[in-house]
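Participant: Got a structure for you, upload04.cif, holding mmCIF, C-alpha atoms (C1' of nucleotides).
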data_upload
#
loop_
_atom_site.label_atom_id
_atom_site.label_comp_id
_atom_site.auth_asym_id
_atom_site.auth_seq_id
_atom_site.Cartn_x
_atom_site.Cartn_y
_atom_site.Cartn_z
CA MET A 1 7.50 -30.24 -14.10
CA ASN A 2 10.98 -29.48 -15.34
CA ILE A 3 11.88 -27.21 -18.22
CA ARG A 4 13.38 -30.05 -20.24
CA THR A 5 10.07 -31.93 -20.42
CA ALA A 6 8.11 -28.77 -21.16
CA CYS A 7 10.46 -27.92 -24.06
CA LEU A 8 10.26 -31.44 -25.49
CA ALA A 9 6.45 -31.39 -25.22
CA LEU A 10 6.03 -28.10 -27.06
CA LEU A 11 8.59 -29.08 -29.70
CA ALA A 12 6.63 -32.32 -30.22
CA HIS A 13 3.85 -30.08 -31.54
CA GLY A 14 6.14 -28.49 -34.13
CA GLU A 15 9.41 -26.60 -34.52
CA ALA A 16 9.99 -23.44 -32.53
CA SER A 17 12.67 -21.03 -31.37
CA GLY A 18 13.50 -20.26 -27.73
CA TYR A 19 11.67 -16.99 -28.13
CA ASP A 20 8.59 -18.83 -29.42
CA LEU A 21 8.58 -21.17 -26.42
CA LYS A 22 8.67 -18.21 -24.06
CA LYS A 23 5.71 -16.67 -25.90
CA ARG A 24 3.73 -19.89 -25.61
CA TRP A 25 4.30 -19.86 -21.86
CA THR A 26 3.40 -16.17 -21.59
CA GLU A 27 0.49 -15.73 -24.00
CA GLY A 28 -2.10 -18.11 -25.36
CA PRO A 29 -3.86 -21.17 -23.98
CA PHE A 30 -0.88 -22.73 -22.18
CA SER A 31 0.26 -19.56 -20.44
CA ARG A 32 -1.45 -20.31 -17.10
CA PHE A 33 0.15 -23.70 -16.59
CA PHE A 34 3.89 -23.15 -16.98
CA ASP A 35 6.58 -20.53 -17.32
CA ALA A 36 10.33 -20.30 -17.65
CA SER A 37 12.82 -17.50 -18.13
CA PHE A 38 15.19 -17.02 -21.07
CA GLY A 39 17.97 -17.71 -18.62
CA SER A 40 16.84 -21.33 -18.46
CA ILE A 41 15.25 -21.79 -21.89
CA TYR A 42 18.36 -21.11 -23.95
CA PRO A 43 20.74 -23.26 -21.89
CA THR A 44 18.15 -26.06 -21.88
CA LEU A 45 17.81 -25.99 -25.68
CA ALA A 46 21.60 -25.99 -26.02
CA LYS A 47 21.82 -29.02 -23.73
CA LEU A 48 19.07 -30.87 -25.59
CA GLU A 49 20.96 -30.22 -28.81
CA GLN A 50 24.20 -31.60 -27.33
CA GLU A 51 22.33 -34.71 -26.28
CA GLY A 52 20.93 -35.16 -29.77
CA LEU A 53 17.29 -34.81 -28.70
CA VAL A 54 16.75 -31.73 -30.86
CA LEU A 55 18.45 -30.13 -33.82
CA PHE A 56 18.26 -26.59 -35.06
CA ARG A 57 18.36 -24.71 -38.29
CA GLN A 58 19.63 -21.15 -38.37
CA GLU A 59 17.18 -18.75 -39.92
CA GLY A 60 18.78 -15.40 -40.66
CA GLN A 61 16.40 -13.22 -42.58
CA ALA A 62 16.97 -9.69 -43.71
CA GLY A 63 16.00 -7.08 -41.17
CA LYS A 64 15.64 -9.46 -38.28
CA PRO A 65 18.00 -11.02 -35.78
CA LEU A 66 19.01 -14.59 -36.49
CA ARG A 67 16.60 -17.26 -35.31
CA LYS A 68 17.49 -20.75 -34.13
CA VAL A 69 14.53 -22.94 -35.01
CA TYR A 70 14.58 -26.18 -33.03
CA SER A 71 12.85 -29.45 -33.85
CA LEU A 72 12.74 -32.88 -32.21
CA THR A 73 14.90 -35.74 -33.46
CA GLU A 74 13.65 -39.31 -33.29
CA SER A 75 15.38 -39.86 -29.94
CA GLY A 76 13.92 -36.55 -28.79
CA ARG A 77 10.46 -37.86 -29.60
CA GLN A 78 11.22 -40.98 -27.60
CA ALA A 79 12.46 -38.93 -24.64
CA PHE A 80 9.24 -36.89 -24.84
CA MET A 81 7.07 -40.02 -24.71
CA GLU A 82 9.06 -41.43 -21.85
CA ALA A 83 8.95 -38.22 -19.79
CA LEU A 84 5.18 -37.90 -20.21
CA SER A 85 4.49 -41.54 -19.42
CA ALA A 86 5.32 -41.13 -15.75
CA PRO A 87 2.29 -40.10 -13.67
CA PRO A 88 2.32 -36.28 -13.63
CA GLU A 89 3.52 -34.47 -10.52
CA PRO A 90 0.76 -32.75 -8.53
CA ASP A 91 -0.17 -29.16 -9.39
CA VAL A 92 1.61 -26.29 -7.73
CA PHE A 93 -0.49 -23.37 -6.52
CA ARG A 94 1.10 -20.31 -4.91
CA SER A 95 -1.07 -17.43 -3.79
CA ALA A 96 -0.09 -14.13 -2.23
CA PHE A 97 -3.81 -13.45 -1.88
CA ALA A 98 -4.15 -16.49 0.37
CA LEU A 99 -1.44 -15.08 2.64
CA LEU A 100 -3.39 -11.84 2.80
CA ALA A 101 -6.57 -13.72 3.68
CA LEU A 102 -4.74 -15.56 6.45
CA CYS A 103 -3.60 -12.21 7.85
CA ALA A 104 -7.02 -10.55 7.58
CA PRO A 105 -7.41 -9.96 11.35
CA PHE A 106 -4.12 -8.01 11.42
CA LEU A 107 -4.85 -5.78 8.43
CA PRO A 108 -6.89 -2.61 7.91
CA ALA A 109 -10.19 -3.04 6.07
CA GLN A 110 -9.02 -0.78 3.26
CA VAL A 111 -6.14 -3.08 2.34
CA LEU A 112 -8.36 -6.16 2.30
CA GLU A 113 -11.10 -4.49 0.31
CA ARG A 114 -8.70 -3.25 -2.31
CA ALA A 115 -7.02 -6.64 -2.59
CA ILE A 116 -10.37 -8.36 -3.10
CA GLU A 117 -11.38 -5.82 -5.72
CA VAL A 118 -8.08 -6.09 -7.59
CA ARG A 119 -8.30 -9.86 -7.51
CA LEU A 120 -11.86 -9.91 -8.84
CA ASN A 121 -10.78 -7.67 -11.72
CA ASP A 122 -7.76 -9.84 -12.50
CA GLN A 123 -9.74 -13.06 -12.43
CA ARG A 124 -12.47 -11.59 -14.62
CA ALA A 125 -9.85 -10.41 -17.11
CA GLU A 126 -8.31 -13.88 -17.25
CA LEU A 127 -11.73 -15.41 -17.76
CA ALA A 128 -12.49 -13.03 -20.61
CA GLU A 129 -9.18 -13.88 -22.27
CA LEU A 130 -9.89 -17.59 -22.08
CA GLU A 131 -13.42 -17.10 -23.42
CA ALA A 132 -11.92 -15.22 -26.37
CA ILE A 133 -9.58 -18.13 -27.09
CA ALA A 134 -12.44 -20.60 -26.75
CA SER A 135 -14.41 -18.79 -29.42
CA THR A 136 -11.56 -18.83 -31.97
CA ASP A 137 -9.68 -22.08 -31.34
CA THR A 138 -11.65 -25.29 -31.73
CA ARG A 139 -8.86 -27.88 -31.75
CA ALA A 140 -9.63 -30.59 -29.23
CA PRO A 141 -6.84 -30.46 -26.57
CA ILE A 142 -6.71 -26.66 -26.64
CA SER A 143 -10.47 -26.50 -26.22
CA TRP A 144 -10.31 -28.92 -23.34
CA LEU A 145 -7.60 -26.98 -21.54
CA VAL A 146 -9.37 -23.68 -22.10
CA ALA A 147 -12.68 -25.13 -20.89
CA TRP A 148 -10.88 -26.31 -17.76
CA GLY A 149 -9.50 -22.83 -17.21
CA ILE A 150 -12.89 -21.19 -17.79
CA HIS A 151 -14.48 -23.60 -15.33
CA HIS A 152 -11.83 -22.79 -12.75
CA PHE A 153 -12.05 -19.01 -13.08
CA ARG A 154 -15.86 -18.98 -13.03
CA SER A 155 -15.83 -21.08 -9.87
CA ASP A 156 -13.20 -18.88 -8.24
CA ILE A 157 -14.99 -15.64 -9.15
CA ALA A 158 -18.27 -17.02 -7.80
CA PHE A 159 -16.63 -17.85 -4.47
CA LEU A 160 -15.05 -14.42 -4.14
CA GLU A 161 -18.31 -12.71 -5.02
CA ALA A 162 -20.18 -14.76 -2.44
CA LYS A 163 -17.61 -14.70 0.38
CA GLY A 164 -15.47 -11.63 -0.24
CA ALA A 165 -17.48 -9.47 2.14
CA GLU A 166 -17.12 -12.09 4.85
CA LEU A 167 -13.34 -11.90 4.50
CA ALA A 168 -13.30 -8.11 4.46
CA ALA A 169 -15.32 -8.12 7.66
CA MET A 170 -12.47 -9.87 9.51
CA ALA A 171 -10.20 -6.85 9.05
CA GLY A 172 -8.67 -5.51 12.22
CA SER A 173 -10.32 -8.06 14.49
CA ALA A 174 -7.02 -9.06 16.16
CA GLU A 175 -5.74 -7.04 19.09
CA PRO A 176 -2.38 -5.48 18.13
CA GLY A 177 0.43 -7.90 18.89
CA GLY A 178 -2.08 -10.65 19.56
CA THR A 179 -1.31 -14.27 18.90
CA TYR A 180 -3.22 -16.45 16.50
CA GLU A 181 -1.83 -19.89 15.75
CA VAL A 182 -1.95 -20.71 12.04
CA CYS A 183 -1.61 -24.42 12.70
CA PRO A 184 -1.42 -25.46 16.36
CA SER A 185 -0.33 -28.98 15.49
CA CYS A 186 2.51 -27.49 13.42
CA THR A 187 4.27 -26.09 16.47
CA SER A 188 6.87 -28.44 17.83
CA GLY A 189 9.15 -28.05 20.81
CA ALA A 190 8.18 -28.07 24.44
CA ASP A 191 5.66 -25.29 24.38
CA ALA A 192 3.91 -26.09 27.61
CA MET B 1 5.37 -13.81 -2.98
CA ASN B 2 8.85 -13.88 -1.52
CA ILE B 3 10.01 -15.89 1.46
CA ARG B 4 10.73 -12.79 3.51
CA THR B 5 7.11 -11.66 3.43
CA ALA B 6 5.81 -15.16 4.09
CA CYS B 7 8.08 -15.49 7.15
CA LEU B 8 7.03 -12.09 8.52
CA ALA B 9 3.35 -12.94 7.99
CA LEU B 10 3.51 -16.25 9.86
CA LEU B 11 5.61 -14.74 12.65
CA ALA B 12 2.97 -12.00 12.99
CA HIS B 13 0.64 -14.78 14.16
CA GLY B 14 3.03 -15.84 16.91
CA GLU B 15 6.59 -16.96 17.55
CA ALA B 16 7.98 -19.93 15.65
CA SER B 17 11.18 -21.73 14.72
CA GLY B 18 12.39 -22.31 11.15
CA TYR B 19 11.27 -25.90 11.50
CA ASP B 20 7.78 -24.74 12.55
CA LEU B 21 7.49 -22.47 9.50
CA LYS B 22 8.38 -25.35 7.21
CA LYS B 23 5.68 -27.47 8.86
CA ARG B 24 3.09 -24.74 8.37
CA TRP B 25 3.92 -24.66 4.67
CA THR B 26 3.85 -28.45 4.39
CA GLU B 27 0.93 -29.48 6.59
CA GLY B 28 -2.20 -27.70 7.73
CA PRO B 29 -4.47 -25.10 6.19
CA PHE B 30 -1.79 -22.93 4.56
CA SER B 31 0.15 -25.78 2.95
CA ARG B 32 -1.48 -25.39 -0.51
CA PHE B 33 -0.56 -21.76 -0.94
CA PHE B 34 3.15 -21.52 -0.28
CA ASP B 35 6.31 -23.51 0.27
CA ALA B 36 10.00 -22.94 0.88
CA SER B 37 12.98 -25.17 1.58
CA PHE B 38 15.18 -25.13 4.67
CA GLY B 39 17.91 -23.88 2.38
CA SER B 40 16.08 -20.59 2.10
CA ILE B 41 14.18 -20.47 5.41
CA TYR B 42 17.23 -20.47 7.70
CA PRO B 43 19.24 -17.85 5.77
CA THR B 44 16.12 -15.67 5.53
CA LEU B 45 15.53 -15.81 9.30
CA ALA B 46 19.20 -15.01 9.90
CA LYS B 47 18.94 -12.00 7.58
CA LEU B 48 15.73 -10.77 9.22
CA GLU B 49 17.49 -11.01 12.57
CA GLN B 50 20.46 -8.98 11.29
CA GLU B 51 18.04 -6.33 10.05
CA GLY B 52 16.35 -6.18 13.44
CA LEU B 53 12.94 -7.29 12.14
CA VAL B 54 12.93 -10.42 14.30
CA LEU B 55 14.72 -11.61 17.39
CA PHE B 56 15.19 -15.11 18.69
CA ARG B 57 15.44 -16.90 21.97
CA GLN B 58 17.42 -20.10 22.20
CA GLU B 59 15.43 -22.97 23.63
CA GLY B 60 17.66 -25.87 24.56
CA GLN B 61 15.67 -28.49 26.37
CA ALA B 62 16.90 -31.80 27.58
CA GLY B 63 16.66 -34.57 25.06
CA LYS B 64 16.01 -32.35 22.08
CA PRO B 65 18.16 -30.35 19.70
CA LEU B 66 18.33 -26.63 20.40
CA ARG B 67 15.50 -24.54 19.01
CA LYS B 68 15.72 -20.97 17.83
CA VAL B 69 12.31 -19.46 18.44
CA TYR B 70 11.83 -16.28 16.42
CA SER B 71 9.38 -13.47 17.07
CA LEU B 72 8.67 -10.13 15.37
CA THR B 73 10.08 -6.90 16.71
CA GLU B 74 8.13 -3.67 16.41
CA SER B 75 9.92 -2.78 13.17
CA GLY B 76 9.27 -6.32 11.98
CA ARG B 77 5.57 -5.77 12.55
CA GLN B 78 5.80 -2.55 10.55
CA ALA B 79 7.63 -4.30 7.70
CA PHE B 80 4.92 -6.98 7.73
CA MET B 81 2.14 -4.38 7.40
CA GLU B 82 3.99 -2.57 4.66
CA ALA B 83 4.68 -5.73 2.64
CA LEU B 84 1.04 -6.85 2.82
CA SER B 85 -0.34 -3.43 1.96
CA ALA B 86 0.80 -3.64 -1.65
CA PRO B 87 -1.80 -5.29 -3.90
CA PRO B 88 -0.96 -9.01 -3.89
CA GLU B 89 0.83 -10.51 -6.89
CA PRO B 90 -1.37 -12.76 -9.04
CA ASP B 91 -1.57 -16.46 -8.21
CA VAL B 92 0.90 -18.88 -9.72
CA PHE B 93 -0.45 -22.17 -11.02
CA ARG B 94 1.86 -24.81 -12.51
CA SER B 95 0.41 -28.07 -13.78
CA ALA B 96 2.17 -31.07 -15.26
CA PHE B 97 -1.29 -32.52 -15.86
CA ALA B 98 -2.11 -29.59 -18.16
CA LEU B 99 0.99 -30.38 -20.22
CA LEU B 100 -0.20 -33.94 -20.48
CA ALA B 101 -3.65 -32.79 -21.60
CA LEU B 102 -2.08 -30.58 -24.23
CA CYS B 103 -0.16 -33.59 -25.55
CA ALA B 104 -3.15 -35.96 -25.50
CA PRO B 105 -3.15 -36.58 -29.27
CA PHE B 106 0.47 -37.78 -29.11
CA LEU B 107 0.03 -40.14 -26.18
CA PRO B 108 -1.30 -43.68 -25.77
CA ALA B 109 -4.74 -43.99 -24.17
CA GLN B 110 -3.32 -45.96 -21.26
CA VAL B 111 -1.06 -43.11 -20.17
CA LEU B 112 -3.87 -40.58 -20.28
CA GLU B 113 -6.34 -42.80 -18.48
CA ARG B 114 -3.90 -43.53 -15.70
CA ALA B 115 -2.99 -39.86 -15.33
CA ILE B 116 -6.66 -38.91 -15.05
CA GLU B 117 -7.29 -41.61 -12.48
CA VAL B 118 -4.24 -40.66 -10.40
CA ARG B 119 -5.27 -37.02 -10.53
CA LEU B 120 -8.82 -37.75 -9.42
CA ASN B 121 -7.48 -39.72 -6.47
CA ASP B 122 -5.05 -36.95 -5.50
CA GLN B 123 -7.67 -34.23 -5.72
CA ARG B 124 -10.16 -36.27 -3.70
CA ALA B 125 -7.53 -36.89 -1.05
CA GLU B 126 -6.77 -33.15 -0.83
CA LEU B 127 -10.47 -32.40 -0.55
CA ALA B 128 -10.90 -34.92 2.25
CA GLU B 129 -7.97 -33.41 4.12
CA LEU B 130 -9.45 -29.92 3.87
CA GLU B 131 -12.86 -31.16 4.98
CA ALA B 132 -11.21 -32.70 8.03
CA ILE B 133 -9.59 -29.37 8.89
CA ALA B 134 -12.90 -27.56 8.33
CA SER B 135 -14.62 -29.76 10.88
CA THR B 136 -12.03 -29.10 13.61
CA ASP B 137 -10.83 -25.53 13.09
CA THR B 138 -13.46 -22.81 13.32
CA ARG B 139 -11.29 -19.69 13.52
CA ALA B 140 -12.45 -17.20 10.91
CA PRO B 141 -9.53 -16.71 8.47
CA ILE B 142 -8.60 -20.39 8.55
CA SER B 143 -12.20 -21.36 7.89
CA TRP B 144 -12.36 -18.92 5.00
CA LEU B 145 -9.17 -20.25 3.41
CA VAL B 146 -10.23 -23.85 3.88
CA ALA B 147 -13.68 -23.14 2.44
CA TRP B 148 -11.97 -21.58 -0.57
CA GLY B 149 -9.84 -24.68 -1.02
CA ILE B 150 -12.83 -27.01 -0.64
CA HIS B 151 -14.75 -24.97 -3.22
CA HIS B 152 -11.80 -25.19 -5.60
CA PHE B 153 -11.24 -28.92 -5.27
CA ARG B 154 -14.94 -29.76 -5.57
CA SER B 155 -15.15 -27.69 -8.73
CA ASP B 156 -12.01 -29.27 -10.17
CA ILE B 157 -13.12 -32.80 -9.37
CA ALA B 158 -16.53 -32.15 -10.94
CA PHE B 159 -14.88 -30.97 -14.15
CA LEU B 160 -12.60 -33.98 -14.35
CA GLU B 161 -15.46 -36.36 -13.68
CA ALA B 162 -17.53 -34.74 -16.39
CA LYS B 163 -14.84 -34.22 -19.03
CA GLY B 164 -12.14 -36.78 -18.27
CA ALA B 165 -13.48 -39.29 -20.77
CA GLU B 166 -13.48 -36.63 -23.45
CA LEU B 167 -9.80 -36.01 -22.85
CA ALA B 168 -8.94 -39.71 -22.80
CA ALA B 169 -10.71 -40.09 -26.14
CA MET B 170 -8.18 -37.76 -27.78
CA ALA B 171 -5.36 -40.23 -27.16
CA GLY B 172 -3.35 -41.19 -30.22
CA SER B 173 -5.35 -39.02 -32.59
CA ALA B 174 -2.24 -37.31 -34.04
CA GLU B 175 -0.35 -38.94 -36.88
CA PRO B 176 3.20 -39.76 -35.71
CA GLY B 177 5.45 -36.76 -36.28
CA GLY B 178 2.45 -34.63 -37.13
CA THR B 179 2.40 -30.91 -36.42
CA TYR B 180 -0.10 -29.22 -34.16
CA GLU B 181 0.48 -25.57 -33.33
CA VAL B 182 -0.07 -24.85 -29.64
CA CYS B 183 -0.49 -21.14 -30.27
CA PRO B 184 -0.27 -20.04 -33.91
CA SER B 185 -0.02 -16.37 -32.98
CA CYS B 186 2.92 -17.23 -30.70
CA THR B 187 5.15 -18.19 -33.62
CA SER B 188 7.28 -15.32 -34.76
CA GLY B 189 9.79 -15.13 -37.58
CA ALA B 190 9.03 -15.38 -41.29
CA ASP B 191 7.41 -18.79 -41.31
CA ALA B 192 5.71 -18.31 -44.63
"C1'" DC C 1 17.58 -56.16 23.35
"C1'" DC C 2 19.19 -54.22 19.33
"C1'" DC C 3 18.65 -51.84 15.15
"C1'" DC C 4 16.36 -49.06 12.03
"C1'" DA C 5 13.18 -45.77 10.75
"C1'" DC C 6 11.22 -41.55 12.01
"C1'" DA C 7 10.61 -36.96 14.20
"C1'" DT C 8 12.89 -32.95 15.92
"C1'" DA C 9 16.10 -29.31 14.78
"C1'" DT C 10 19.65 -26.43 12.42
"C1'" DA C 11 22.88 -25.76 8.81
"C1'" DT C 12 25.42 -25.93 4.42
"C1'" DC C 13 26.37 -26.65 -0.47
"C1'" DG C 14 26.07 -27.65 -5.42
"C1'" DA C 15 22.66 -27.26 -8.96
"C1'" DA C 16 18.73 -25.17 -11.02
"C1'" DT C 17 16.20 -21.04 -11.97
"C1'" DT C 18 15.00 -16.32 -11.94
"C1'" DG C 19 15.22 -11.53 -13.08
"C1'" DA C 20 17.89 -8.07 -14.90
"C1'" DT C 21 20.75 -6.61 -18.29
"C1'" DA C 22 23.53 -6.50 -22.77
"C1'" DT C 23 23.53 -6.68 -27.68
"C1'" DA C 24 21.68 -5.89 -32.30
"C1'" DT C 25 18.09 -4.38 -35.51
"C1'" DG C 26 13.51 -2.83 -37.62
"C1'" DT C 27 9.03 -0.51 -37.00
"C1'" DG C 28 5.62 2.77 -35.63
"C1'" DG C 29 3.97 6.73 -32.98
"C1'" DG C 30 4.42 11.38 -30.94
"C1'" DC D 1 14.01 12.76 -34.71
"C1'" DC D 2 13.73 10.07 -30.80
"C1'" DC D 3 11.80 6.78 -27.90
"C1'" DA D 4 9.29 2.84 -26.95
"C1'" DC D 5 8.38 -1.63 -28.42
"C1'" DA D 6 8.88 -6.20 -30.76
"C1'" DT D 7 12.08 -9.58 -32.37
"C1'" DA D 8 15.87 -12.56 -30.98
"C1'" DT D 9 19.80 -14.61 -28.41
"C1'" DA D 10 22.82 -14.66 -24.58
"C1'" DT D 11 24.98 -14.04 -20.00
"C1'" DC D 12 25.35 -13.28 -15.00
"C1'" DA D 13 24.53 -12.27 -10.13
"C1'" DA D 14 21.22 -13.42 -6.84
"C1'" DT D 15 17.73 -16.44 -5.28
"C1'" DT D 16 15.87 -20.82 -4.27
"C1'" DC D 17 15.75 -25.75 -4.33
"C1'" DG D 18 16.94 -30.45 -3.17
"C1'" DA D 19 20.10 -33.26 -1.07
"C1'" DT D 20 23.00 -34.08 2.52
"C1'" DA D 21 25.38 -33.62 7.19
"C1'" DT D 22 24.96 -33.49 12.10
"C1'" DA D 23 23.01 -34.61 16.60
"C1'" DT D 24 19.61 -36.85 19.57
"C1'" DG D 25 15.36 -39.18 21.47
"C1'" DT D 26 11.44 -42.33 20.61
"C1'" DG D 27 8.91 -46.28 19.13
"C1'" DG D 28 8.21 -50.52 16.59
"C1'" DG D 29 9.79 -54.96 14.60
"C1'" DG D 30 12.70 -58.90 14.61
#
Mind turning this structure into structure tokens?

Facilitator:
Amino acid sequence: MNIRTACLALLAHGEASGYDLKKRWTEGPFSRFFDASFGSIYPTLAKLEQEGLVLFRQEGQAGKPLRKVYSLTESGRQAFMEALSAPPEPDVFRSAFALLALCAPFLPAQVLERAIEVRLNDQRAELAELEAIASTDTRAPISWLVAWGIHHFRSDIAFLEAKGAELAAMAGSAEPGGTYEVCPSCTSGADA
Amino acid sequence: MNIRTACLALLAHGEASGYDLKKRWTEGPFSRFFDASFGSIYPTLAKLEQEGLVLFRQEGQAGKPLRKVYSLTESGRQAFMEALSAPPEPDVFRSAFALLALCAPFLPAQVLERAIEVRLNDQRAELAELEAIASTDTRAPISWLVAWGIHHFRSDIAFLEAKGAELAAMAGSAEPGGTYEVCPSCTSGADA
DNA sequence: CCCCACATATATCGAATTGATATATGTGGG
DNA sequence: CCCACATATATCAATTCGATATATGTGGGG
């Protein structure tokens, strides 16, 4: 998903500044599904403005830095519809924890145990945050997204609770310097 | 998770070429958790070699392009342990489908229905692939990772099957040009 | 038999994106 | 009184991606 589309989609919900967009991707119900840095948000908004897809009003209030509040133009709304009409790209999932799990036989038990514990805490905290949102925000798409997230975290926590010990038990089971093919069919060349 | 650590971790399992690493991140049991392009893999391996963390042997067989097969040095193995000893960074999840769900009230039913159908197919295909791996690879950490993935996809598919219709029903429920705050508390400034 | 597509393999380069930092100002806590 | 933090935009070096170039063998279709 590119930043352009994400900006158009949030602006379709109502006007916002670059700072607001960043907040929506950092806090709140949409924060687990997308993110972008200021270094790409501001240039993207500027480009969208040049292309006539958004326009902005300068809001300079006393005691606060000036704010550029962007809103979609009619052609911006069209571009939004068009971008979202294509079948969505598949999800992206990146997990440092998965790498750790893969390396379990090479690692000391302590490292694995701590990682599992930290992860359980993190996932439980995320779940609690989503449950808090669910209890205050009842608007349909938000509720749906939050319910999806709650479902995911509950499932993930349940798996870790059930199988965490099994993973921890693999610690140190590889002889030092030993070989352990991650994906035998993923090794090309003329290896015997 | 940075590419450096990911390279060290896979090389800790056994020697591999840049091409092999890419395959491991594209196919097989670890493909859902990480990825990197050749444009970063090759420079990273070169840098690791300069730093003495890996060394390579040139394998030039008849009828095939030359292969640079990298393996960890002792200091590489130390760097690997050190990098994995820090508590792992939280997972990253990016979903274009979530953006679509958020925008459901602005979109035609057809678009939503198709997106849900495509997603269900994709997720079922991923699940089938993991189940195939599970039935052929019994080594402990791989099995654990694959079981995690299977658990995740089953849970996700179940949610979509149960709640997909609910999402589709939201299509077109917003008046054109209507406002719908994604995250009211994420709007700063003096919006009265 | 020829050609094209594909797999193996490394490498480079422009474009996109991140992460850190600069700038400016008001507020609240120690 | 000072420092940390929130608001707000902007820029820049460094990282990473995605596309492309190069070279070669294999297998399938016309």

Participant: Each residue of chain A with at least one atom at most 7 Å from chain C should appear once, together with its nearest atom pair and the corresponding distance in Å (one decimal); atoms considered: all atoms listed in the file; ordering: chain, then increasing residue number; output as a Markdown table.

Facilitator:
| residue | atom | partner | partner_atom | distance |
| --- | --- | --- | --- | --- |
| A:Ser37 | CA | C:DT18 | C1' | 6.7 |
| A:Ser40 | CA | C:DT17 | C1' | 6.5 |
| A:Gly63 | CA | C:DG26 | C1' | 6.1 |
| A:Lys64 | CA | C:DT25 | C1' | 6.3 |
| A:Pro65 | CA | C:DT25 | C1' | 6.6 |

Participant: Got a sec: who's within 10 Å of Val146 (chain B), counting only C-alpha atoms (C1' of nucleotides), leaving out chain neighbours fewer than 6 positions off, as a PyMOL selection string?

Facilitator: chain B and resi 28-30+32+127+129-134+137+140+152

Participant: Quick one: pull the distance between CA of Cys186 (chain B) and CA of Ser95 (chain A), Å, one decimal.

Facilitator: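 Interatomic distance, CA of Cys186 (chain B) to CA of Ser95 (chain A): 27.2 Å.
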
Participant: For the structure shown, which residues end up in the PyMOL selection byres ((chain A) within 10 of (chain D))? Put them as an MDAnalysis selection string, please?

Facilitator: chainID A and resid 17:20 38:39 42:43 63:68

Participant: Using all atoms listed in the file, which of A:Ala36, A:Leu120, A:Val54, A:Val92 sits nearest chain B?

Facilitator: A:Val92

Participant: Could you check the closest approach to chain B for each of A:Gly60, A:Pro184, A:Pro88, A:Gly164 and tell me which residue wins, using all atoms listed in the file?

Facilitator: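 Nearest to chain B: A:Pro88.
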
Participant: So how many Å separate CA of Pro87 (chain A) and CA of Arg24 (chain B), to one decimal?

Facilitator: 26.9 Å

Participant: Restricting the calculation to only C-alpha atoms: of A:Ser173, A:Ser143, A:Ser85, A:Thr136, which residue gets closest to chain B?

Facilitator: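 That would be A:Ser85, the residue with the smallest distance to chain B.
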
Participant: Since the input is missing atoms for region 129-140 of chain B, could you rebuild it with N, CA and C atoms and give the result as a PDB file, in the coordinates of the input?

Facilitator:
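Saved file out02.pdb follows:
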ATOM      1  N   GLU B 129      -8.833 -34.003   3.103  1.00  0.00           N
ATOM      2  CA  GLU B 129      -7.970 -33.410   4.120  1.00  0.00           C
ATOM      3  C   GLU B 129      -8.509 -32.042   4.547  1.00  0.00           C
ATOM      4  N   LEU B 130      -8.911 -31.245   3.560  1.00  0.00           N
ATOM      5  CA  LEU B 130      -9.450 -29.920   3.870  1.00  0.00           C
ATOM      6  C   LEU B 130     -10.757 -30.031   4.644  1.00  0.00           C
ATOM      7  N   GLU B 131     -11.580 -30.994   4.269  1.00  0.00           N
ATOM      8  CA  GLU B 131     -12.860 -31.160   4.980  1.00  0.00           C
ATOM      9  C   GLU B 131     -12.620 -31.551   6.430  1.00  0.00           C
ATOM     10  N   ALA B 132     -11.558 -32.330   6.651  1.00  0.00           N
ATOM     11  CA  ALA B 132     -11.210 -32.700   8.030  1.00  0.00           C
ATOM     12  C   ALA B 132     -10.803 -31.465   8.821  1.00  0.00           C
ATOM     13  N   ILE B 133      -9.999 -30.600   8.205  1.00  0.00           N
ATOM     14  CA  ILE B 133      -9.590 -29.370   8.890  1.00  0.00           C
ATOM     15  C   ILE B 133     -10.812 -28.507   9.175  1.00  0.00           C
ATOM     16  N   ALA B 134     -11.710 -28.412   8.188  1.00  0.00           N
ATOM     17  CA  ALA B 134     -12.900 -27.560   8.330  1.00  0.00           C
ATOM     18  C   ALA B 134     -13.731 -27.976   9.534  1.00  0.00           C
ATOM     19  N   SER B 135     -13.746 -29.280   9.814  1.00  0.00           N
ATOM     20  CA  SER B 135     -14.620 -29.760  10.880  1.00  0.00           C
ATOM     21  C   SER B 135     -13.980 -29.586  12.256  1.00  0.00           C
ATOM     22  N   THR B 136     -12.667 -29.238  12.304  1.00  0.00           N
ATOM     23  CA  THR B 136     -12.030 -29.100  13.610  1.00  0.00           C
ATOM     24  C   THR B 136     -11.583 -27.682  13.912  1.00  0.00           C
ATOM     25  N   ASP B 137     -11.349 -26.888  12.873  1.00  0.00           N
ATOM     26  CA  ASP B 137     -10.830 -25.530  13.090  1.00  0.00           C
ATOM     27  C   ASP B 137     -11.884 -24.513  12.672  1.00  0.00           C
ATOM     28  N   THR B 138     -12.352 -23.721  13.630  1.00  0.00           N
ATOM     29  CA  THR B 138     -13.460 -22.810  13.320  1.00  0.00           C
ATOM     30  C   THR B 138     -13.034 -21.346  13.310  1.00  0.00           C
ATOM     31  N   ARG B 139     -11.738 -21.082  13.479  1.00  0.00           N
ATOM     32  CA  ARG B 139     -11.290 -19.690  13.520  1.00  0.00           C
ATOM     33  C   ARG B 139     -11.456 -19.047  12.151  1.00  0.00           C
ATOM     34  N   ALA B 140     -11.934 -17.812  12.137  1.00  0.00           N
ATOM     35  CA  ALA B 140     -12.450 -17.200  10.910  1.00  0.00           C
ATOM     36  C   ALA B 140     -11.545 -17.264   9.675  1.00  0.00           C
TER      37      ALA B 140
END
